[in-house]
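J.: Input file: input32.txt. Contents: compact mmCIF, C-alpha atoms.
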# COMPACT_ATOMS: atom_id res chain seq x y z
CA MET A 56 18.82 -29.20 -88.76
CA VAL A 57 18.04 -31.91 -91.26
CA GLY A 58 14.40 -32.90 -91.51
CA TRP A 59 14.82 -36.61 -92.10
CA LEU A 60 17.40 -37.00 -89.34
CA ALA A 61 15.21 -35.17 -86.84
CA GLY A 62 12.19 -37.22 -87.93
CA ALA A 63 14.11 -40.48 -87.65
CA LEU A 64 15.44 -39.57 -84.20
CA ILE A 65 11.93 -38.70 -83.01
CA ALA A 66 10.50 -41.97 -84.32
CA VAL A 67 13.29 -44.17 -82.97
CA THR A 68 13.49 -42.57 -79.51
CA LEU A 69 9.70 -42.88 -79.20
CA ALA A 70 9.87 -46.53 -80.22
CA VAL A 71 12.69 -47.20 -77.76
CA ALA A 72 10.74 -45.44 -74.98
CA VAL A 73 7.74 -47.69 -75.65
CA TRP A 74 10.06 -50.71 -75.70
CA PHE A 75 11.49 -49.73 -72.30
CA LEU A 76 8.02 -49.14 -70.83
CA LEU A 77 6.94 -52.60 -72.00
CA LEU A 78 10.11 -54.05 -70.46
CA SER A 79 9.35 -52.39 -67.14
CA ARG A 80 5.81 -53.73 -67.24
CA ALA A 81 7.33 -57.18 -67.65
CA ASP A 82 9.47 -56.43 -64.56
CA LYS A 83 12.70 -56.41 -66.56
CA MET A 84 15.70 -54.33 -65.61
CA ILE A 85 18.07 -52.47 -67.90
CA GLN A 86 20.70 -54.66 -69.59
CA ALA A 87 23.83 -53.93 -71.58
CA VAL A 88 21.92 -54.18 -74.87
CA HIS A 89 19.57 -51.37 -73.80
CA LEU A 90 22.50 -49.17 -72.86
CA LEU A 91 24.01 -49.91 -76.26
CA VAL A 92 20.79 -48.78 -77.96
CA MET A 93 20.86 -45.57 -75.92
CA ALA A 94 24.49 -45.03 -76.93
CA VAL A 95 23.55 -45.41 -80.62
CA LEU A 96 20.75 -42.87 -80.15
CA GLU A 97 23.24 -40.52 -78.51
CA VAL A 98 25.48 -40.78 -81.57
CA GLY A 99 22.50 -39.82 -83.73
CA LEU A 100 21.82 -36.82 -81.51
CA LEU A 101 25.48 -35.87 -81.69
CA ALA A 102 25.29 -35.97 -85.49
CA GLN A 103 22.30 -33.66 -85.32
CA VAL A 104 24.17 -31.22 -83.09
CA VAL A 105 27.12 -31.19 -85.51
CA VAL A 106 24.85 -30.54 -88.50
CA ALA A 107 22.99 -27.77 -86.65
CA ALA A 108 26.24 -26.19 -85.45
CA VAL A 109 27.63 -26.16 -89.00
CA ARG A 110 24.49 -24.53 -90.37
CA LEU A 111 24.33 -22.03 -87.49
CA THR A 112 27.87 -20.88 -88.20
CA GLY A 113 26.93 -20.89 -91.89
CA GLY A 114 24.40 -18.13 -91.26
CA HIS A 115 21.12 -19.85 -90.45
CA GLU A 116 19.35 -18.02 -87.64
CA PRO A 117 16.58 -19.84 -85.76
CA ALA A 118 13.82 -17.86 -84.03
CA GLU A 119 15.48 -17.69 -80.63
CA GLN A 120 19.10 -18.59 -81.10
CA ALA A 121 20.03 -18.78 -77.41
CA THR A 122 17.05 -20.99 -76.60
CA PHE A 123 17.82 -23.15 -79.60
CA ILE A 124 21.40 -23.65 -78.50
CA GLY A 125 20.12 -24.47 -75.01
CA TYR A 126 17.93 -27.22 -76.43
CA LEU A 127 20.81 -28.41 -78.59
CA ILE A 128 23.04 -28.89 -75.55
CA GLY A 129 20.15 -30.30 -73.51
CA SER A 130 19.48 -32.93 -76.20
CA LEU A 131 22.93 -34.40 -75.50
CA VAL A 132 22.58 -34.44 -71.71
CA VAL A 133 19.27 -36.28 -71.35
CA LEU A 134 20.21 -39.82 -72.41
CA PRO A 135 23.46 -40.09 -70.42
CA VAL A 136 21.66 -38.89 -67.28
CA GLY A 137 18.84 -41.36 -67.92
CA ALA A 138 21.32 -44.19 -68.45
CA PHE A 139 23.15 -43.26 -65.25
CA LEU A 140 19.91 -43.31 -63.24
CA ALA A 141 18.84 -46.59 -64.86
CA VAL A 142 22.11 -48.41 -64.18
CA GLY A 143 22.02 -47.57 -60.47
CA GLU A 144 18.54 -49.02 -59.99
CA ARG A 145 18.42 -52.75 -60.67
CA SER A 146 14.66 -53.01 -60.84
CA LYS A 147 11.92 -52.23 -63.34
CA TRP A 148 11.98 -48.64 -62.07
CA GLY A 149 15.44 -48.14 -63.52
CA THR A 150 13.92 -49.10 -66.86
CA VAL A 151 11.21 -46.48 -66.35
CA ALA A 152 13.91 -43.87 -65.68
CA ALA A 153 15.55 -44.78 -69.01
CA ALA A 154 12.14 -44.55 -70.73
CA VAL A 155 11.59 -41.07 -69.29
CA ALA A 156 14.91 -39.96 -70.77
CA CYS A 157 13.98 -41.44 -74.16
CA LEU A 158 10.57 -39.74 -74.07
CA THR A 159 12.23 -36.39 -73.42
CA VAL A 160 14.28 -36.51 -76.62
CA PRO A 161 11.38 -36.22 -79.12
CA VAL A 162 9.95 -33.29 -77.14
CA VAL A 163 13.29 -31.48 -77.26
CA ILE A 164 13.66 -32.16 -81.01
CA LEU A 165 10.12 -30.92 -81.74
CA ARG A 166 10.82 -27.69 -79.85
CA MET A 167 14.09 -27.27 -81.77
CA GLN A 168 12.34 -27.80 -85.09
CA GLU A 169 9.77 -25.14 -84.22
CA LEU A 170 12.50 -22.59 -83.55
CA TRP A 171 14.61 -23.67 -86.50
CA SER A 172 11.89 -23.32 -89.11
CA VAL A 173 10.18 -20.15 -87.85
CA THR A 174 12.56 -17.56 -89.19
CA GLY A 175 15.41 -18.14 -91.62
CA VAL A 176 16.53 -14.51 -91.37
CA MET B 228 6.60 -57.49 -50.92
CA SER B 229 9.55 -55.28 -51.72
CA ASP B 230 10.83 -55.36 -55.28
CA THR B 231 14.27 -54.22 -54.17
CA ALA B 232 15.68 -57.29 -52.50
CA ALA B 233 19.16 -55.76 -52.08
CA ALA B 234 20.48 -55.24 -48.55
CA PRO B 235 17.98 -53.00 -46.80
CA ALA B 236 20.52 -51.41 -44.45
CA ALA B 237 22.86 -50.38 -47.23
CA SER B 238 20.09 -48.82 -49.31
CA LYS B 239 19.07 -46.38 -46.58
CA SER B 240 20.99 -43.51 -48.13
CA ARG B 241 19.10 -43.99 -51.42
CA GLU B 242 15.77 -44.78 -49.80
CA LEU B 243 13.86 -42.05 -51.67
CA ALA B 244 15.70 -42.63 -54.95
CA SER B 245 15.14 -46.36 -55.21
CA GLY B 246 12.17 -48.18 -56.66
CA PRO B 247 9.51 -45.80 -58.00
CA GLY B 248 11.57 -42.95 -56.55
CA ARG B 249 14.15 -43.57 -59.27
CA ALA B 250 11.63 -42.81 -62.01
CA LEU B 251 10.56 -39.73 -60.04
CA VAL B 252 14.16 -38.50 -59.87
CA ALA B 253 14.41 -38.92 -63.65
CA VAL B 254 11.32 -36.77 -64.26
CA TYR B 255 12.47 -34.14 -61.76
CA ALA B 256 15.88 -34.02 -63.43
CA VAL B 257 14.25 -33.44 -66.81
CA PHE B 258 12.14 -30.63 -65.39
CA THR B 259 15.13 -29.05 -63.69
CA LEU B 260 16.85 -28.98 -67.06
CA ALA B 261 13.78 -27.68 -68.92
CA ALA B 262 12.86 -24.96 -66.44
CA GLY B 263 16.48 -24.00 -65.81
CA ALA B 264 17.39 -23.66 -69.48
CA ARG B 265 14.23 -21.74 -70.25
CA SER B 266 14.52 -19.24 -67.42
CA GLY B 267 18.26 -18.85 -67.83
CA VAL B 268 17.84 -17.68 -71.42
CA GLN B 269 14.83 -15.51 -70.56
CA LEU B 270 16.47 -13.77 -67.62
CA ALA B 271 19.71 -13.20 -69.46
CA LEU B 272 18.26 -11.87 -72.71
CA ARG B 273 14.91 -10.21 -72.11
CA PHE B 274 14.20 -9.81 -68.44
CA ASP B 275 12.13 -6.63 -68.98
CA ASP B 276 9.58 -8.30 -71.30
CA ALA B 277 7.85 -10.29 -68.57
CA PRO B 278 9.73 -10.13 -65.28
CA VAL B 279 7.04 -11.89 -63.23
CA ALA B 280 6.76 -14.82 -65.62
CA TYR B 281 10.52 -15.18 -66.03
CA LEU B 282 11.23 -14.97 -62.30
CA LEU B 283 8.57 -17.61 -61.66
CA SER B 284 10.17 -19.92 -64.19
CA ALA B 285 13.49 -19.36 -62.44
CA LEU B 286 11.89 -20.11 -59.07
CA ALA B 287 10.38 -23.26 -60.56
CA ALA B 288 13.82 -24.29 -61.78
CA VAL B 289 15.33 -23.81 -58.31
CA ILE B 290 12.54 -25.82 -56.70
CA TYR B 291 12.85 -28.63 -59.23
CA LEU B 292 16.59 -28.72 -58.62
CA LEU B 293 16.06 -28.81 -54.86
CA ALA B 294 13.51 -31.62 -55.16
CA THR B 295 15.79 -33.61 -57.49
CA VAL B 296 18.78 -33.36 -55.16
CA ALA B 297 16.69 -34.01 -52.02
CA LEU B 298 15.07 -37.12 -53.52
CA TRP B 299 18.40 -38.35 -54.79
CA SER B 300 20.14 -37.93 -51.44
CA SER B 301 17.10 -38.99 -49.40
CA LYS B 302 16.71 -35.70 -47.54
CA ARG B 303 13.12 -36.32 -46.70
CA SER B 304 12.15 -33.00 -45.08
CA VAL B 305 13.84 -30.95 -47.82
CA ALA B 306 12.05 -33.00 -50.46
CA LEU B 307 8.75 -32.56 -48.65
CA GLY B 308 9.24 -28.79 -48.42
CA ALA B 309 10.27 -28.39 -52.04
CA ILE B 310 7.45 -30.54 -53.39
CA ALA B 311 4.85 -28.82 -51.19
CA VAL B 312 5.97 -25.41 -52.48
CA GLU B 313 5.88 -26.88 -55.99
CA LEU B 314 2.27 -28.00 -55.56
CA VAL B 315 1.20 -24.63 -54.15
CA GLY B 316 3.09 -22.90 -56.95
CA VAL B 317 1.61 -24.85 -59.82
CA LEU B 318 -1.92 -24.56 -58.40
CA GLY B 319 -1.57 -20.86 -57.57
CA VAL B 320 0.12 -19.82 -60.80
CA GLY B 321 -2.20 -22.08 -62.77
CA LEU B 322 -5.21 -20.39 -61.24
CA PHE B 323 -3.87 -16.84 -61.60
CA SER B 324 -2.83 -17.40 -65.20
CA PHE B 325 -6.52 -17.95 -65.94
CA LEU B 326 -7.90 -15.22 -63.63
CA ASP B 327 -5.39 -12.49 -64.47
CA PRO B 328 -3.58 -13.32 -67.72
CA ASP B 329 -2.04 -9.81 -67.82
CA LEU B 330 0.27 -10.88 -64.98
CA PHE B 331 1.87 -13.42 -67.27
CA PRO B 332 2.40 -12.00 -70.78
CA GLU B 333 4.75 -14.94 -71.30
CA PRO B 334 3.91 -18.47 -70.17
CA THR B 335 5.81 -19.96 -67.25
CA VAL B 336 6.40 -23.63 -66.54
CA TRP B 337 3.45 -23.49 -64.16
CA SER B 338 1.01 -21.43 -66.28
CA HIS B 339 -2.34 -23.06 -67.00
CA PHE B 340 -1.37 -25.90 -64.67
CA GLY B 341 1.57 -26.78 -66.90
CA SER B 342 -0.34 -27.24 -70.16
CA GLY B 343 2.82 -26.31 -72.08
CA TYR B 344 4.50 -29.37 -70.55
CA GLY B 345 1.68 -31.88 -71.00
CA TYR B 346 0.23 -31.11 -67.56
CA VAL B 347 3.12 -33.04 -66.02
CA PRO B 348 3.88 -30.03 -63.74
CA VAL B 349 0.58 -30.45 -61.90
CA LEU B 350 0.81 -34.25 -61.68
CA LEU B 351 4.43 -34.36 -60.57
CA PRO B 352 4.06 -32.87 -57.05
CA ILE B 353 1.06 -35.09 -56.37
CA LEU B 354 3.03 -38.18 -57.36
CA GLY B 355 5.96 -36.84 -55.35
CA LEU B 356 3.92 -36.43 -52.17
CA LEU B 357 2.35 -39.88 -52.60
CA TRP B 358 5.80 -41.36 -53.00
CA LEU B 359 7.16 -39.58 -49.90
CA ARG B 360 4.29 -40.98 -47.87
CA LYS B 361 4.73 -44.48 -49.24
CA ALA B 362 8.50 -44.41 -48.71
CA ALA B 363 8.02 -43.28 -45.11
CA ALA B 364 5.60 -46.17 -44.52
CA ARG B 365 8.15 -48.55 -46.02
CA VAL B 366 10.83 -47.48 -43.52
CA SER B 367 8.76 -47.74 -40.36
How does the structure come out when it is put into structure tokens?

T.:
Amino acid sequence: MVGWLAGALIAVTLAVAVWFLLLSRADKMIQAVHLLVMAVLEVGLLAQVVVAAVRLTGGHEPAEQATFIGYLIGSLVVLPVGAFLAVGERSKWGTVAAAVACLTVPVVILRMQELWSVTGV
Amino acid sequence: MSDTAAAPAASKSRELASGPGRALVAVYAVFTLAAGARSGVQLALRFDDAPVAYLLSALAAVIYLLATVALWSSKRSVALGAIAVELVGVLGVGLFSFLDPDLFPEPTVWSHFGSGYGYVPVLLPILGLLWLRKAAARVS
């Protein structure tokens, strides 16, 4: 993993989650622009997966490799599922669903960082 | 009164997954993923380390999956059953993980009332049951 990329992804997904929660409080539903933002975040997550995959094949061994790879794959699934749930619900609750997905991403990245930095065998 | 103004008859099949139920489905989906990934790795790689804890995480994953699918497809009784078992599970395991920690050398999703997951595991079934009751009232 790359520290600054992980940090940036955590900060931005958190900010977007707060943005979505504020939107839902204002009774706003998900619009195309919000889906676009989620797509950009997904590209960032994809970049992180590529970097991690390259360094894994290059010999870096995180604490629990299988778990780490599980998180890595999971990090790519969360936003598309959240977007799917949000699009189908044209009310503020669809926006909450998207916020839940965004809130999950920083948790997953934090767990990955823990595993990544523990060993370095 | 209702914030979903769309045709009430057509939305019957998504009754439990519309409105607040949609946010609930999102959280359940996340927990299905979290518990499923965790127990899958544990069971596959080191089952003998803590069989009770790992099997409980696997059971939690199955129940979360069941609840997610039942909410999504508006199978009310299945959702009720799954969420009731979930509540009993998180309270029981939470209690036993304090009383008899030797049973759980490794934490499960439900250990210590879900402290490893921000206590969401203990809140989720309560919210789920409240939602099922509210959704039932909305239909009748």

J.: Show me, as a JSON list (two decimals) with C-alpha atoms, in the frame of the given file, the residues that have an atom within 12 Å of range 127-132 of chain A when counting all atoms listed in the file, minus same-chain residues fewer than 2 positions from it.

T.:
[["chain", "number", "residue", "atom", "x", "y", "z"],
["A", 56, "MET", "CA", 18.82, -29.20, -88.76],
["A", 61, "ALA", "CA", 15.21, -35.17, -86.84],
["A", 64, "LEU", "CA", 15.44, -39.57, -84.20],
["A", 65, "ILE", "CA", 11.93, -38.70, -83.01],
["A", 68, "THR", "CA", 13.49, -42.57, -79.51],
["A", 93, "MET", "CA", 20.86, -45.57, -75.92],
["A", 94, "ALA", "CA", 24.49, -45.03, -76.93],
["A", 96, "LEU", "CA", 20.75, -42.87, -80.15],
["A", 97, "GLU", "CA", 23.24, -40.52, -78.51],
["A", 98, "VAL", "CA", 25.48, -40.78, -81.57],
["A", 99, "GLY", "CA", 22.50, -39.82, -83.73],
["A", 100, "LEU", "CA", 21.82, -36.82, -81.51],
["A", 101, "LEU", "CA", 25.48, -35.87, -81.69],
["A", 102, "ALA", "CA", 25.29, -35.97, -85.49],
["A", 103, "GLN", "CA", 22.30, -33.66, -85.32],
["A", 104, "VAL", "CA", 24.17, -31.22, -83.09],
["A", 105, "VAL", "CA", 27.12, -31.19, -85.51],
["A", 106, "VAL", "CA", 24.85, -30.54, -88.50],
["A", 107, "ALA", "CA", 22.99, -27.77, -86.65],
["A", 108, "ALA", "CA", 26.24, -26.19, -85.45],
["A", 111, "LEU", "CA", 24.33, -22.03, -87.49],
["A", 117, "PRO", "CA", 16.58, -19.84, -85.76],
["A", 120, "GLN", "CA", 19.10, -18.59, -81.10],
["A", 121, "ALA", "CA", 20.03, -18.78, -77.41],
["A", 122, "THR", "CA", 17.05, -20.99, -76.60],
["A", 123, "PHE", "CA", 17.82, -23.15, -79.60],
["A", 124, "ILE", "CA", 21.40, -23.65, -78.50],
["A", 125, "GLY", "CA", 20.12, -24.47, -75.01],
["A", 134, "LEU", "CA", 20.21, -39.82, -72.41],
["A", 135, "PRO", "CA", 23.46, -40.09, -70.42],
["A", 136, "VAL", "CA", 21.66, -38.89, -67.28],
["A", 137, "GLY", "CA", 18.84, -41.36, -67.92],
["A", 138, "ALA", "CA", 21.32, -44.19, -68.45],
["A", 139, "PHE", "CA", 23.15, -43.26, -65.25],
["A", 156, "ALA", "CA", 14.91, -39.96, -70.77],
["A", 157, "CYS", "CA", 13.98, -41.44, -74.16],
["A", 158, "LEU", "CA", 10.57, -39.74, -74.07],
["A", 159, "THR", "CA", 12.23, -36.39, -73.42],
["A", 160, "VAL", "CA", 14.28, -36.51, -76.62],
["A", 161, "PRO", "CA", 11.38, -36.22, -79.12],
["A", 162, "VAL", "CA", 9.95, -33.29, -77.14],
["A", 163, "VAL", "CA", 13.29, -31.48, -77.26],
["A", 164, "ILE", "CA", 13.66, -32.16, -81.01],
["A", 165, "LEU", "CA", 10.12, -30.92, -81.74],
["A", 166, "ARG", "CA", 10.82, -27.69, -79.85],
["A", 167, "MET", "CA", 14.09, -27.27, -81.77],
["A", 168, "GLN", "CA", 12.34, -27.80, -85.09],
["A", 170, "LEU", "CA", 12.50, -22.59, -83.55],
["A", 171, "TRP", "CA", 14.61, -23.67, -86.50],
["B", 256, "ALA", "CA", 15.88, -34.02, -63.43],
["B", 257, "VAL", "CA", 14.25, -33.44, -66.81],
["B", 258, "PHE", "CA", 12.14, -30.63, -65.39],
["B", 259, "THR", "CA", 15.13, -29.05, -63.69],
["B", 260, "LEU", "CA", 16.85, -28.98, -67.06],
["B", 261, "ALA", "CA", 13.78, -27.68, -68.92],
["B", 262, "ALA", "CA", 12.86, -24.96, -66.44],
["B", 263, "GLY", "CA", 16.48, -24.00, -65.81],
["B", 264, "ALA", "CA", 17.39, -23.66, -69.48],
["B", 265, "ARG", "CA", 14.23, -21.74, -70.25]]

J.: Given only C-alpha atoms, how would the per-residue table for chain A near chain B read, listing every residue at most 6 Å away with its closest atom pair and distance in Å to one decimal, sorted by chain and number, as JSON lines?

T.:
{"residue": "A:Trp148", "atom": "CA", "partner": "B:Gly246", "partner_atom": "CA", "distance": 5.4}
{"residue": "A:Val151", "atom": "CA", "partner": "B:Ala250", "partner_atom": "CA", "distance": 5.7}
{"residue": "A:Ala152", "atom": "CA", "partner": "B:Ala250", "partner_atom": "CA", "distance": 4.4}

J.: Work out how far apart CA of Gly321 in chain B and CA of Gly343 in chain B are and give it in Å to one decimal.

T.: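 These two atoms are separated by 11.4 Å.
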
J.: Using only C-alpha atoms, determine which residues lie at most 8 Å from range 70-85 of chain A, disregarding the query and same-chain residues fewer than 5 positions distant; provide the list as a list in words.

T.: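 Listed by chain and then number, they are Leu90, Ala141, Val142, Arg145, Ser146, Lys147, Trp148, Gly149, Thr150, Val151, Ala153, Ala154, Val155, Cys157 and Leu158 of chain A.
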
J.: Just to be explicit: take each residue in the selection above, keep C-alpha atoms, and write the result as a PDB file, in the frame of the given file.

T.:
ATOM      1  CA  LEU A  90      22.500 -49.170 -72.860  1.00  0.00           C
ATOM      2  CA  ALA A 141      18.840 -46.590 -64.860  1.00  0.00           C
ATOM      3  CA  VAL A 142      22.110 -48.410 -64.180  1.00  0.00           C
ATOM      4  CA  ARG A 145      18.420 -52.750 -60.670  1.00  0.00           C
ATOM      5  CA  SER A 146      14.660 -53.010 -60.840  1.00  0.00           C
ATOM      6  CA  LYS A 147      11.920 -52.230 -63.340  1.00  0.00           C
ATOM      7  CA  TRP A 148      11.980 -48.640 -62.070  1.00  0.00           C
ATOM      8  CA  GLY A 149      15.440 -48.140 -63.520  1.00  0.00           C
ATOM      9  CA  THR A 150      13.920 -49.100 -66.860  1.00  0.00           C
ATOM     10  CA  VAL A 151      11.210 -46.480 -66.350  1.00  0.00           C
ATOM     11  CA  ALA A 153      15.550 -44.780 -69.010  1.00  0.00           C
ATOM     12  CA  ALA A 154      12.140 -44.550 -70.730  1.00  0.00           C
ATOM     13  CA  VAL A 155      11.590 -41.070 -69.290  1.00  0.00           C
ATOM     14  CA  CYS A 157      13.980 -41.440 -74.160  1.00  0.00           C
ATOM     15  CA  LEU A 158      10.570 -39.740 -74.070  1.00  0.00           C
TER      16      LEU A 158
END

J.: Using all atoms listed in the file, which of the listed residues (B:Gly355, B:Ser301, B:Val317, B:Val347) sits closest to Ser284 in chain B?

T.: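 Of B:Gly355, B:Ser301, B:Val317, B:Val347, the one nearest Ser284 in chain B, counting all atoms listed in the file, is B:Val317.
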
J.: State, in Å with one decimal place, the distance from CA of Ala362 in chain B to CA of Tyr291 in chain B.

T.: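 CA of Tyr291 in chain B lies at a distance of 19.5 Å from CA of Ala362 in chain B.
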
J.: Considering only C-alpha atoms, state which residue in the set B:Leu356, B:Leu282, B:Leu270, B:Ala287 is at the smallest distance from Trp337 in chain B.

T.: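 Distance minimum relative to Trp337 in chain B lands on B:Ala287.
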
J.: Counting all atoms listed in the file, figure out which residue out of B:Ala280, B:Ala285, B:Leu359, B:Val320 gets nearest to Ala297 in chain B.

T.: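 Smallest separation from Ala297 in chain B among the options: B:Leu359.
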
J.: Taking all atoms listed in the file into account, which of B:Ala306, B:Leu314, B:Leu283, B:Val296 comes nearest Ile353 in chain B?

T.: B:Leu314

J.: So what do you get for CA of Leu286 in chain B versus CA of Glu116 in chain A, distance-wise?

T.: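 Rounded to one decimal, the two atoms are 29.6 Å apart.
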
J.: Of the candidates A:Gly113, A:Glu169, A:Ala118, A:Gly143, which shows the shortest atom-to-atom distance to Gln86 in chain A, using all atoms listed in the file?

T.: A:Gly143

J.: Point out the residue among B:Ala311, B:Asp276, B:Trp358, B:Gly319 with the least atom-to-atom distance to His339 in chain B, counting all atoms listed in the file.

T.: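 Ranked by minimum distance to His339 in chain B, first place goes to B:Gly319.
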
J.: Please rebuild range 293-307 of chain B with N, CA, C and O atoms and return the result as a CSV table (one decimal), in the coordinates of the input.

T.:
chain,number,residue,atom,x,y,z
B,293,LEU,N,16.1,-28.4,-56.3
B,293,LEU,CA,16.1,-28.8,-54.9
B,293,LEU,C,15.4,-30.2,-54.7
B,293,LEU,O,15.9,-31.0,-53.9
B,294,ALA,N,14.2,-30.4,-55.3
B,294,ALA,CA,13.5,-31.6,-55.2
B,294,ALA,C,14.3,-32.8,-55.7
B,294,ALA,O,14.4,-33.9,-55.1
B,295,THR,N,15.0,-32.5,-56.9
B,295,THR,CA,15.8,-33.6,-57.5
B,295,THR,C,16.9,-34.0,-56.6
B,295,THR,O,17.1,-35.2,-56.3
B,296,VAL,N,17.6,-33.1,-56.0
B,296,VAL,CA,18.8,-33.4,-55.2
B,296,VAL,C,18.3,-34.0,-53.9
B,296,VAL,O,18.9,-35.0,-53.4
B,297,ALA,N,17.2,-33.5,-53.3
B,297,ALA,CA,16.7,-34.0,-52.0
B,297,ALA,C,16.2,-35.4,-52.2
B,297,ALA,O,16.4,-36.3,-51.3
B,298,LEU,N,15.5,-35.7,-53.3
B,298,LEU,CA,15.1,-37.1,-53.5
B,298,LEU,C,16.3,-38.0,-53.7
B,298,LEU,O,16.3,-39.1,-53.2
B,299,TRP,N,17.2,-37.5,-54.5
B,299,TRP,CA,18.4,-38.4,-54.8
B,299,TRP,C,19.2,-38.7,-53.5
B,299,TRP,O,19.6,-39.8,-53.3
B,300,SER,N,19.3,-37.7,-52.6
B,300,SER,CA,20.1,-37.9,-51.4
B,300,SER,C,19.3,-38.3,-50.2
B,300,SER,O,19.8,-38.3,-49.1
B,301,SER,N,18.0,-38.6,-50.5
B,301,SER,CA,17.1,-39.0,-49.4
B,301,SER,C,17.0,-38.0,-48.2
B,301,SER,O,16.9,-38.4,-47.1
B,302,LYS,N,17.0,-36.7,-48.6
B,302,LYS,CA,16.7,-35.7,-47.5
B,302,LYS,C,15.2,-35.5,-47.5
B,302,LYS,O,14.7,-34.7,-48.3
B,303,ARG,N,14.6,-36.2,-46.6
B,303,ARG,CA,13.1,-36.3,-46.7
B,303,ARG,C,12.4,-35.0,-46.5
B,303,ARG,O,11.5,-34.6,-47.2
B,304,SER,N,12.9,-34.2,-45.4
B,304,SER,CA,12.2,-33.0,-45.1
B,304,SER,C,12.4,-31.9,-46.2
B,304,SER,O,11.5,-31.2,-46.5
B,305,VAL,N,13.6,-31.9,-46.7
B,305,VAL,CA,13.8,-31.0,-47.8
B,305,VAL,C,12.9,-31.3,-49.0
B,305,VAL,O,12.3,-30.4,-49.6
B,306,ALA,N,12.9,-32.6,-49.3
B,306,ALA,CA,12.0,-33.0,-50.5
B,306,ALA,C,10.6,-32.6,-50.2
B,306,ALA,O,9.9,-32.1,-51.1
B,307,LEU,N,10.1,-32.9,-49.0
B,307,LEU,CA,8.8,-32.6,-48.6
B,307,LEU,C,8.5,-31.1,-48.8
B,307,LEU,O,7.5,-30.7,-49.4
